[in-house]
file query-v1.pdb (PDB, C-alpha atoms)
ATOM      1  CA  SER A 987      43.627  -9.755  79.720
ATOM      2  CA  PRO A 988      41.665  -7.102  77.776
ATOM      3  CA  PHE A 989      42.349  -3.500  78.627
ATOM      4  CA  PRO A 990      40.082  -0.431  78.413
ATOM      5  CA  ARG A 991      40.824   1.882  75.509
ATOM      6  CA  TYR A 992      41.083   5.548  76.366
ATOM      7  CA  GLU A 993      40.872   8.018  73.514
ATOM      8  CA  GLU A 994      43.955  10.165  73.098
ATOM      9  CA  GLY A 995      43.542  13.685  74.429
ATOM     10  CA  VAL A 996      40.367  12.790  76.345
ATOM     11  CA  PRO A 997      40.683  12.933  80.184
ATOM     12  CA  LYS A 998      39.420   9.894  82.116
ATOM     13  CA  ASP A 999      36.407  11.823  83.450
ATOM     14  CA  CYS A1000      35.374  12.979  79.953
ATOM     15  CA  CYS A1001      34.162  11.462  76.692
ATOM     16  CA  LYS A1002      34.000  12.582  73.075
ATOM     17  CA  VAL A1003      30.649  13.445  71.499
ATOM     18  CA  ARG A1004      29.519  15.013  68.232
ATOM     19  CA  CYS A1005      31.534  18.171  67.596
ATOM     20  CA  CYS A1006      29.290  20.991  66.345
ATOM     21  CA  ASN A1007      28.745  24.771  66.455
ATOM     22  CA  GLU A1008      25.715  26.645  67.834
ATOM     23  CA  GLU A1009      23.859  26.004  64.572
ATOM     24  CA  GLY A1010      24.286  22.254  64.913
ATOM     25  CA  GLN A1011      26.817  22.103  62.061
ATOM     26  CA  GLU A1012      29.789  19.761  62.208
ATOM     27  CA  ARG A1013      31.310  21.781  59.357
ATOM     28  CA  LEU A1014      30.364  25.182  57.933
ATOM     29  CA  GLY A1015      27.682  25.057  55.268
ATOM     30  CA  GLN A1016      26.371  21.666  56.398
ATOM     31  CA  ARG A1017      22.587  21.236  56.628
ATOM     32  CA  ALA A1018      22.105  20.269  60.273
ATOM     33  CA  PRO A1019      19.126  18.051  61.242
ATOM     34  CA  VAL A1020      18.246  20.691  63.879
ATOM     35  CA  PRO A1021      19.543  24.228  63.148
ATOM     36  CA  TYR A1022      20.599  25.052  66.734
ATOM     37  CA  ALA A1023      22.714  23.312  69.359
ATOM     38  CA  VAL A1024      24.840  23.637  72.479
ATOM     39  CA  PRO A1025      28.245  24.253  70.835
ATOM     40  CA  THR A1026      30.838  21.546  71.531
ATOM     41  CA  SER A1027      33.377  22.540  68.867
ATOM     42  CA  LYS A1028      35.494  24.719  71.180
ATOM     43  CA  ALA A1029      36.487  21.653  73.228
ATOM     44  CA  LYS A1030      36.626  19.463  70.071
ATOM     45  CA  GLY A1031      33.595  17.508  71.279
ATOM     46  CA  VAL A1032      35.144  16.607  74.651
ATOM     47  CA  VAL A1033      32.547  16.826  77.466
ATOM     48  CA  LYS A1034      32.326  15.666  81.085
ATOM     49  CA  ARG A1035      31.035  12.094  81.518
ATOM     50  CA  LYS A1036      27.525  11.974  83.021
ATOM     51  CA  PRO A1037      26.791   9.387  85.743
ATOM     52  CA  VAL A1038      25.165   6.126  84.619
ATOM     53  CA  PHE A1039      23.859   4.852  87.992
ATOM     54  CA  GLY A1040      22.584   8.296  88.950
ATOM     55  CA  TYR A1041      20.933   8.839  85.541
ATOM     56  CA  ASP A1042      17.791   7.103  86.858
ATOM     57  CA  ALA A1043      18.632   6.997  90.560
ATOM     58  CA  ASP A1044      15.169   5.660  91.499
ATOM     59  CA  PHE A1045      15.649   2.648  89.236
ATOM     60  CA  THR A1046      19.143   1.971  90.624
ATOM     61  CA  TYR A1047      17.684   2.116  94.143
ATOM     62  CA  SER A1048      14.761  -0.190  93.191
ATOM     63  CA  LEU A1049      17.213  -2.987  92.283
ATOM     64  CA  LEU A1050      17.892  -3.377  96.019
ATOM     65  CA  LYS A1051      14.385  -4.813  96.399
ATOM     66  CA  GLY A1052      15.570  -8.215  95.160
ATOM     67  CA  VAL A1053      18.429  -8.306  97.681
ATOM     68  CA  PHE A1054      16.049  -8.385 100.664
ATOM     69  CA  GLU A1055      13.185 -10.484  99.241
ATOM     70  CA  GLY A1056      12.885 -13.771 101.095
ATOM     71  CA  VAL A1057      15.137 -12.660 103.961
ATOM     72  CA  GLY A1058      12.264 -12.471 106.455
ATOM     73  CA  ILE A1059      12.229 -10.612 109.820
ATOM     74  CA  GLY A1060      10.602  -7.599 108.142
ATOM     75  CA  ALA A1061      13.534  -6.979 105.789
ATOM     76  CA  ASP A1062      12.550  -4.317 103.259
ATOM     77  CA  TYR A1063      14.570  -2.135 100.906
ATOM     78  CA  GLU A1064      12.071   0.712 101.431
ATOM     79  CA  LYS A1065      13.459   1.182 104.956
ATOM     80  CA  LEU A1066      16.599   2.694 103.430
ATOM     81  CA  SER A1067      17.156   6.351 104.373
ATOM     82  CA  GLU A1068      17.255   8.962 101.603
ATOM     83  CA  GLN A1069      20.833   9.807 102.544
ATOM     84  CA  THR A1070      21.955   6.176 102.043
ATOM     85  CA  GLN A1071      19.950   5.953  98.804
ATOM     86  CA  ARG A1072      21.976   8.880  97.464
ATOM     87  CA  ARG A1073      25.206   7.338  98.731
ATOM     88  CA  TRP A1074      24.321   4.117  96.863
ATOM     89  CA  HIS A1075      24.221   5.548  93.339
ATOM     90  CA  ARG A1076      27.008   8.073  93.995
ATOM     91  CA  THR A1077      29.369   5.351  95.221
ATOM     92  CA  LEU A1078      28.565   3.180  92.193
ATOM     93  CA  ASP A1079      29.235   6.111  89.847
ATOM     94  CA  ARG A1080      32.700   6.671  91.306
ATOM     95  CA  CYS A1081      33.755   3.458  89.563
ATOM     96  CA  ASP A1082      33.579   4.895  86.025
ATOM     97  CA  LYS A1083      35.651   8.006  86.666
ATOM     98  CA  GLU A1084      37.980   7.194  89.556
ATOM     99  CA  VAL A1085      38.709   3.483  89.817
ATOM    100  CA  ASP A1086      41.395   1.350  88.186
ATOM    101  CA  TYR A1087      40.721  -2.404  88.212
ATOM    102  CA  ASP A1088      44.324  -3.177  89.188
ATOM    103  CA  GLN A1089      44.091  -0.902  92.251
ATOM    104  CA  CYS A1090      40.488  -1.241  93.368
ATOM    105  CA  GLU A1091      40.859  -2.730  96.885
ATOM    106  CA  ALA A1092      39.981   0.516  98.719
ATOM    107  CA  TYR A1093      36.951   1.088  96.462
ATOM    108  CA  VAL A1094      35.705  -2.506  96.953
ATOM    109  CA  ALA A1095      36.120  -1.979 100.724
ATOM    110  CA  ASP A1096      33.935   1.164 100.410
ATOM    111  CA  LEU A1097      31.274  -0.861  98.558
ATOM    112  CA  LEU A1098      31.314  -3.614 101.214
ATOM    113  CA  SER A1099      31.018  -1.001 103.972
ATOM    114  CA  LEU A1100      28.066   0.569 102.139
ATOM    115  CA  CYS A1101      26.398  -2.849 101.710
ATOM    116  CA  ASP A1102      26.825  -3.391 105.468
ATOM    117  CA  ARG A1103      25.126  -0.056 106.160
ATOM    118  CA  ILE A1104      22.288  -0.798 103.716
ATOM    119  CA  THR A1105      21.798  -4.269 105.234
ATOM    120  CA  ALA A1106      21.658  -2.800 108.762
ATOM    121  CA  GLU A1107      19.075  -0.186 107.716
ATOM    122  CA  CYS A1108      16.903  -2.654 105.775
ATOM    123  CA  THR A1109      17.048  -5.654 108.163
ATOM    124  CA  GLY A1110      18.013  -4.176 111.531
ATOM    125  CA  TYR A1111      21.224  -6.255 111.589
ATOM    126  CA  ASP A1112      24.655  -5.694 110.061
ATOM    127  CA  PHE A1113      26.755  -8.439 108.435
ATOM    128  CA  ALA A1114      28.541  -9.304 111.712
ATOM    129  CA  SER A1115      25.195  -9.747 113.491
ATOM    130  CA  TRP A1116      24.038 -12.013 110.664
ATOM    131  CA  GLY A1117      27.234 -14.041 111.193
ATOM    132  CA  ILE A1118      28.403 -13.619 107.581
ATOM    133  CA  ALA A1119      31.175 -11.010 107.876
ATOM    134  CA  PHE A1120      33.841 -13.462 106.616
ATOM    135  CA  ASP A1121      31.731 -14.718 103.670
ATOM    136  CA  VAL A1122      30.927 -11.139 102.720
ATOM    137  CA  GLN A1123      34.624 -10.191 102.569
ATOM    138  CA  LEU A1124      35.345 -13.235 100.444
ATOM    139  CA  GLU A1125      32.346 -13.809  98.175
ATOM    140  CA  LEU A1126      30.727 -10.378  97.964
ATOM    141  CA  GLY A1127      34.174  -8.803  97.668
ATOM    142  CA  LYS A1128      34.843 -11.027  94.640
ATOM    143  CA  ALA A1129      31.475 -10.099  93.116
ATOM    144  CA  TRP A1130      32.158  -6.370  93.496
ATOM    145  CA  LYS A1131      35.566  -6.814  91.906
ATOM    146  CA  HIS A1132      33.767  -8.411  88.942
ATOM    147  CA  PHE A1133      31.505  -5.317  88.814
ATOM    148  CA  VAL A1134      34.555  -3.020  88.811
ATOM    149  CA  ARG A1135      36.033  -4.894  85.871
ATOM    150  CA  LEU A1136      32.806  -4.642  83.840
ATOM    151  CA  VAL A1137      32.638  -0.868  84.327
ATOM    152  CA  TRP A1138      36.403  -0.269  83.999
ATOM    153  CA  MET A1139      36.483  -2.115  80.654
ATOM    154  CA  ARG A1140      34.371   0.661  79.079
ATOM    155  CA  ASP A1141      33.009  -1.687  76.434
ATOM    156  CA  ILE A1142      31.044  -0.358  73.448
ATOM    157  CA  GLU A1143      27.653  -0.794  75.161
ATOM    158  CA  TRP A1144      28.839   1.228  78.188
ATOM    159  CA  GLU A1145      30.618   3.929  76.169
ATOM    160  CA  ASP A1146      27.719   4.428  73.747
ATOM    161  CA  LEU A1147      25.383   5.008  76.687
ATOM    162  CA  VAL A1148      27.814   7.394  78.442
ATOM    163  CA  ARG A1149      28.349   9.388  75.233
ATOM    164  CA  CYS A1150      24.608   9.536  74.557
ATOM    165  CA  ILE A1151      23.635  10.800  78.022
ATOM    166  CA  SER A1152      26.644  13.167  78.129
ATOM    167  CA  ASP A1153      26.006  14.751  74.709
ATOM    168  CA  PRO A1154      24.141  18.044  75.289
ATOM    169  CA  ASN A1155      22.711  17.603  71.768
ATOM    170  CA  ALA A1156      21.903  13.885  72.071
ATOM    171  CA  GLU A1157      18.379  14.188  70.616
ATOM    172  CA  SER A1158      19.625  15.825  67.418
ATOM    173  CA  SER A1159      22.785  13.697  67.077
ATOM    174  CA  VAL A1160      20.782  11.216  64.981
ATOM    175  CA  GLU A1161      23.731  10.254  62.777
ATOM    176  CA  ALA A1162      26.164   9.675  65.656
ATOM    177  CA  GLU A1163      27.054   6.008  66.227
ATOM    178  CA  TYR A1164      25.937   6.324  69.866
ATOM    179  CA  TYR A1165      22.484   7.795  69.066
ATOM    180  CA  MET A1166      19.640   6.097  71.001
ATOM    181  CA  ASP A1167      15.881   6.408  70.586
ATOM    182  CA  ASP A1168      15.347   5.520  74.237
ATOM    183  CA  PRO A1169      18.441   6.158  76.374
ATOM    184  CA  ALA A1170      16.424   5.651  79.590
ATOM    185  CA  ALA A1171      15.595   2.037  78.624
ATOM    186  CA  GLU A1172      19.210   1.393  77.623
ATOM    187  CA  ALA A1173      20.408   2.868  80.951
ATOM    188  CA  ARG A1174      18.110   0.507  82.884
ATOM    189  CA  HIS A1175      19.485  -2.462  80.926
ATOM    190  CA  VAL A1176      23.133  -1.450  81.456
ATOM    191  CA  VAL A1177      22.670  -0.743  85.183
ATOM    192  CA  SER A1178      20.848  -4.068  85.748
ATOM    193  CA  SER A1179      23.445  -6.119  83.903
ATOM    194  CA  ARG A1180      26.411  -4.503  85.663
ATOM    195  CA  LEU A1181      24.878  -4.987  89.124
ATOM    196  CA  MET A1182      23.436  -8.471  88.571
ATOM    197  CA  VAL A1183      26.275 -10.559  90.088
ATOM    198  CA  PRO A1184      26.959  -8.555  93.297
ATOM    199  CA  LEU A1185      23.237  -8.176  94.042
ATOM    200  CA  GLN A1186      22.648 -11.926  93.564
ATOM    201  CA  VAL A1187      25.581 -12.855  95.843
ATOM    202  CA  TRP A1188      24.478 -10.338  98.492
ATOM    203  CA  SER A1189      20.929 -11.718  98.449
ATOM    204  CA  PHE A1190      22.115 -15.346  98.566
ATOM    205  CA  LEU A1191      24.320 -14.696 101.626
ATOM    206  CA  LEU A1192      21.468 -12.976 103.494
ATOM    207  CA  ARG A1193      18.871 -15.642 102.644
ATOM    208  CA  ALA A1194      21.261 -18.425 103.701
ATOM    209  CA  ALA A1195      21.939 -16.623 107.008
ATOM    210  CA  SER A1196      18.218 -16.068 107.548
ATOM    211  CA  ALA A1197      17.433 -19.755 106.921
ATOM    212  CA  ALA A1198      20.217 -20.831 109.315
ATOM    213  CA  ALA A1199      18.925 -18.473 112.011
ATOM    214  CA  GLU A1200      15.418 -19.902 111.577
ATOM    215  CA  ASP A1201      16.710 -23.482 111.913
ATOM    216  CA  ASN A1202      18.658 -22.592 115.055
ATOM    217  CA  SER A1203      15.563 -21.096 116.689
ATOM    218  CA  LYS A1204      13.471 -24.251 116.189
ATOM    219  CA  PRO A1205      13.186 -26.613 119.167
ATOM    220  CA  GLN A1206      15.541 -29.593 118.841
ATOM    221  CA  TYR A1207      13.928 -33.015 119.336
ATOM    222  CA  ILE A1208      16.053 -36.019 120.251
TER     223      ILE A1208
END
call {"tool": "encode", "arguments": {"input": "query-v1.pdb", "output": "C-alpha cells"}}
result
Amino acid sequence: SPFPRYEEGVPKDCCKVRCCNEEGQERLGQRAPVPYAVPTSKAKGVVKRKPVFGYDADFTYSLLKGVFEGVGIGADYEKLSEQTQRRWHRTLDRCDKEVDYDQCEAYVADLLSLCDRITAECTGYDFASWGIAFDVQLELGKAWKHFVRLVWMRDIEWEDLVRCISDPNAESSVEAEYYMDDPAAEARHVVSSRLMVPLQVWSFLLRAASAAAEDNSKPQYI
C-alpha cells in the first residue's frame, strides 16, 4: 500500500518552505517580489508545521452541525462547550504530527471517546445510552481509521496546504509550487474532505438510534 514520503532532514513535525533571507532573496542579488521577509535560510527553509484543523477552528467546529441534524430530542451542535470545541480541533490536529497509521489504535480510541463526549453534550445522551456503543466501536472506529490514513498519507493537496499556511512569507512566495491565492478556502475544502466519512457514519448511527427509540415509544397495536 502507498506510503507517506518524508523529506530527508525534515522532522515529522516540520515542513520545508521557500528558503530566503530577510530581503526575500533566495540567492544574493536576486530581485525578490517583495524586498523584505521573515528569514528562513538559517534553517534551510525548515519550519514547524501549522495546524490544519485549527487554522479555521470555527469552520471545523461548524461541520459538527450535520452530525446532529435530524437526530431529534433537541440535539444541537451549538450546545457544545467551548472547552470541548477546542479539544475537537486540537485532537484532530494531533493526527498530522504524532500518529502513524500502522499504530493508530490509541489515537482512534481517543477520537471515539471525544465523539462520545460531544454526543453527550449535544444530545444529553452518550453512545451507551443511545444503545450504539458496539456499532460505534466497529463502524465509527473504521471511519476514523480511514481519516487517519488520509492525513498520514500527506498527499500533495495536504502538503501544499500545510506548507502554504506554515510559510511565514506565504503571501510573497508567489513562485513557490504551494502558493495559494486563497488558503482559507483551500483549508475549508481539505478539512471537509478529510472529515466527510467519519462525520457521515457518526450522523447515520445517531439518526438510526433516534428512529429506533421513536418506534419503541409508539403504542403497539395488536
call {"tool": "closest_residue", "arguments": {"input": "query-v1.pdb", "among": "A:Gly1058, A:Pro1184, A:Pro1169, A:Gly1117", "to": "Ala1197 of chain A", "atoms": "only C-alpha atoms"}}
result
A:Gly1058
call {"tool": "residues_around", "arguments": {"input": "query-v1.pdb", "residues": "segment 1084-1089 of chain A", "least_positions_apart": "5", "cutoff": "8 Å", "atoms": "only C-alpha atoms", "output": "VMD selection string"}}
result
chain A and resid 999 1131 1134 to 1135 1138
call {"tool": "write_last_selection", "arguments": {"input": "query-v1.pdb", "atoms": "C-alpha atoms", "output": "PDB file, in the frame of the given file"}}
result
ATOM      1  CA  ASP A 999      36.407  11.823  83.450  1.00  0.00           C
ATOM      2  CA  LYS A1131      35.566  -6.814  91.906  1.00  0.00           C
ATOM      3  CA  VAL A1134      34.555  -3.020  88.811  1.00  0.00           C
ATOM      4  CA  ARG A1135      36.033  -4.894  85.871  1.00  0.00           C
ATOM      5  CA  TRP A1138      36.403  -0.269  83.999  1.00  0.00           C
TER       6      TRP A1138
END
call {"tool": "resolve_selection", "arguments": {"input": "query-v1.pdb", "expression": "the PyMOL selection byres ((chain A and resi 1178) around 12)", "output": "number ranges by chain"}}
result
A: 1038-1039, 1042, 1045-1050, 1052, 1133, 1171-1177, 1179-1186
call {"tool": "resolve_selection", "arguments": {"input": "query-v1.pdb", "expression": "the PyMOL selection byres ((chain A and resi 1053) around 9)", "output": "PyMOL selection string"}}
result
chain A and resi 1049-1052+1054-1057+1063+1185-1190+1192-1193
call {"tool": "closest_residue", "arguments": {"input": "query-v1.pdb", "among": "A:Gln1011, A:Thr1109, A:Ser1067, A:Gln1123", "to": "Ser1027 of chain A", "atoms": "all atoms listed in the file"}}
result
A:Gln1011
call {"tool": "resolve_selection", "arguments": {"input": "query-v1.pdb", "expression": "the PyMOL selection byres ((chain A and resi 1012-1016) around 12)", "output": "number ranges by chain"}}
result
A: 1003-1011, 1017-1023, 1025-1028, 1030-1031, 1159, 1161-1162
call {"tool": "atom_distance", "arguments": {"input": "query-v1.pdb", "atom1": "atom CA of Glu1163 of chain A", "atom2": "atom CA of Asp1146 of chain A"}}
result
7.7 Å
call {"tool": "atom_distance", "arguments": {"input": "query-v1.pdb", "atom1": "atom CA of Ala1043 of chain A", "atom2": "atom CA of Ala1061 of chain A"}}
result
21.3 Å
call {"tool": "atom_distance", "arguments": {"input": "query-v1.pdb", "atom1": "atom CA of Val1032 of chain A", "atom2": "atom CA of Ile1151 of chain A"}}
result
13.3 Å
call {"tool": "residues_near_point", "arguments": {"input": "query-v1.pdb", "point": "(38.6, 1.1, 77.4)", "cutoff": "7 Å", "atoms": "all atoms listed in the file", "output": "mmCIF file with C-alpha atoms, in the coordinates of the input"}}
result
data_model
loop_
_atom_site.group_PDB
_atom_site.id
_atom_site.type_symbol
_atom_site.label_atom_id
_atom_site.label_comp_id
_atom_site.auth_asym_id
_atom_site.auth_seq_id
_atom_site.Cartn_x
_atom_site.Cartn_y
_atom_site.Cartn_z
ATOM 1 C CA PHE A 989 42.349 -3.500 78.627
ATOM 2 C CA PRO A 990 40.082 -0.431 78.413
ATOM 3 C CA ARG A 991 40.824 1.882 75.509
ATOM 4 C CA TYR A 992 41.083 5.548 76.366
ATOM 5 C CA MET A 1139 36.483 -2.115 80.654
ATOM 6 C CA ARG A 1140 34.371 0.661 79.079
ATOM 7 C CA ASP A 1141 33.009 -1.687 76.434
#
call {"tool": "axis_aligned_box", "arguments": {"input": "query-v1.pdb", "around": "segment 1149-1161 of chain A", "padding_each_side": "3 Å", "output": "lines of an AutoDock Vina configuration file"}}
result
center_x = 23.4
center_y = 13.7
center_z = 70.5
size_x = 16.0
size_y = 14.7
size_z = 21.4
call {"tool": "closest_residue", "arguments": {"input": "query-v1.pdb", "among": "A:Asn1155, A:Tyr1164, A:Ala1199, A:Asp1096", "to": "Ile1142 of chain A", "atoms": "all atoms listed in the file"}}
result
A:Tyr1164
call {"tool": "closest_residue", "arguments": {"input": "query-v1.pdb", "among": "A:Tyr1093, A:Ile1118, A:Asp1102, A:Arg1035", "to": "Ala1198 of chain A", "atoms": "only C-alpha atoms"}}
result
A:Ile1118
call {"tool": "residues_around", "arguments": {"input": "query-v1.pdb", "residues": "Gly1127 of chain A", "least_positions_apart": "6", "cutoff": "9 Å", "atoms": "all atoms listed in the file", "output": "PyMOL selection string"}}
result
chain A and resi 1094-1095+1097-1098+1121+1184
